[in-house]
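The next block holds one structure in the form of structure tokens; read it before the comments.
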Amino acid sequence: QLQLVESGGGLVQPGGSLRLSCAASGFTLDNDDIGWFRQAPGKEREGVSCIGFGGGSTRYADSVKGRFTISKDNAKNTVYLQMNSLKPDDTAVYYCAADPFVCTLVGGGDLRYVEVWGQGTLVAVSS
């Protein structure tokens, strides 16, 4: 069974940092592009970042450029999202996803046919 499990969310003050993890089981991440998406209350799910299966290509939404960094550890079959200088607008449930087109979808598009979604982890930025 193909599965992604996110962890690392929590409550943090503005300006703080968190590192999210996305662990895969049932498949290996060195064969798949992995993306991070987020959904704030009352808003549509939006792309945040992605990393190519080789790890050499990355993409970021304009809203997180310079603050978030995506990386992967193939030995642990895990993708990470380091989030620094967090803002209240970053508050959302964060999901990781695996799909051949995920790096295109991070820039926008129909998310209904993404192959694998994680269950999500809540990030709350508040003082």
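Letters A, B, ... mark the chains of the structure tokens in the order given; residue numbers begin at 1 per chain; ligand numbers begin at 1, in order shown.
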In chain A, DSSP strand (DSSP E) residues written as JSON, numbers by chain: {"A": [3, 4, 5, 6, 7, 10, 11, 12, 18, 19, 20, 21, 22, 23, 24, 25, 34, 35, 36, 37, 38, 39, 46, 47, 48, 49, 50, 51, 58, 59, 60, 68, 69, 70, 71, 72, 73, 78, 79, 80, 81, 82, 83, 92, 93, 94, 95, 96, 97, 98, 116, 117, 121, 122, 123, 124, 125]}
At a cut-off of 8 Å, can you tabulate as a tab-separated table every residue of region 83-117 of chain A near region 36-42 of chain A together with its closest atom pair and the distance in Å to one decimal, using only C-alpha atoms and ordering rows by chain then number?
residue	atom	partner	partner_atom	distance
A:Thr91	CA	A:Ala40	CA	6.4
A:Ala92	CA	A:Ala40	CA	4.2
A:Val93	CA	A:Gln39	CA	5.3
A:Tyr94	CA	A:Arg38	CA	4.3
A:Tyr95	CA	A:Phe37	CA	5.1
A:Cys96	CA	A:Trp36	CA	4.4
A:Ala97	CA	A:Trp36	CA	6.4
A:Val106	CA	A:Phe37	CA	7.3
For CA of Gly52 (chain A) and CA of Leu2 (chain A), the interatomic separation in Å (one decimal):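 Taking CA of Gly52 (chain A) and CA of Leu2 (chain A), their separation equals 18.3 Å.
Residue-level DSSP output for chain A, from the backbone, shows helix (DSSP H, G or I) at Leu29, Asp30, Asn31, Pro88, Asp89, Asp90, Val102, Cys103, Thr104 and Leu105 of chain A.
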Prev. selection, C-alpha atoms, output as a compact mmCIF listing (two decimals), in the first residue's frame:
# COMPACT_ATOMS: atom_id res chain seq x y z
CA LEU A 29 11.04 8.45 -3.08
CA ASP A 30 14.00 8.23 -5.42
CA ASN A 31 11.49 7.37 -8.16
CA PRO A 88 0.47 33.92 10.80
CA ASP A 89 -0.46 33.57 7.09
CA ASP A 90 1.46 30.27 7.06
CA VAL A 102 3.39 17.26 -8.64
CA CYS A 103 5.96 19.94 -9.46
CA THR A 104 3.63 21.29 -12.13
CA LEU A 105 0.69 21.16 -9.72
Which residue of A:Leu86, A:Lys43, A:Ala98, A:Gln13 approaches Gly26 (chain A) most closely, using only C-alpha atoms: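 Of all the options, A:Ala98 lies closest to Gly26 (chain A).
Between CA of Ala23 (chain A) and CA of Phe53 (chain A) there is a distance of 14.3 Å.
Across A:Ser57, A:Asn77, A:Thr69, A:Ser49, the tightest approach to Gln3 (chain A) is made by A:Asn77 when counting only C-alpha atoms.
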Long-range neighbours of Val12 (chain A) as a PyMOL selection string, 7 Å cut-off, only C-alpha atoms, 4 positions minimum in chain: chain A and resi 16+124-126
Among listed residues A:Gly54, A:Pro100, A:Leu4, A:Ala61, nearest Asp73 (chain A) (using only C-alpha atoms):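 Closest residue, counting only C-alpha atoms: A:Gly54.
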Å distance separating CA of Arg112 (chain A) from CA of Phe68 (chain A), one decimal place: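 If I compute the distance from CA of Arg112 (chain A) to CA of Phe68 (chain A), I get 25.2 Å.
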Polymer residues at most 8 Å from region 17-22 of chain A, only C-alpha atoms, same-chain spacing of 4 or more positions, as JSON, numbers by chain: {"A": [4, 5, 6, 7, 8, 9, 10, 12, 78, 79, 80, 81, 82, 83, 84, 85, 86, 96, 118]}
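Among the candidate residues A:Phe101, A:Gly35, A:Thr121, A:Glu46, the one lying nearest to Ile70 (chain A) is A:Gly35, with distances computed using only C-alpha atoms.
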Pick from A:Gly107, A:Lys76, A:Gln1, A:Gln119, whichever lies nearest to Thr58 (chain A) using only C-alpha atoms: A:Gly107
Counting only C-alpha atoms, the option among A:Asp110, A:Ser127, A:Val116, A:Gly15 closest to Arg67 (chain A):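 With only C-alpha atoms as the atom set, the closest residue is A:Gly15.
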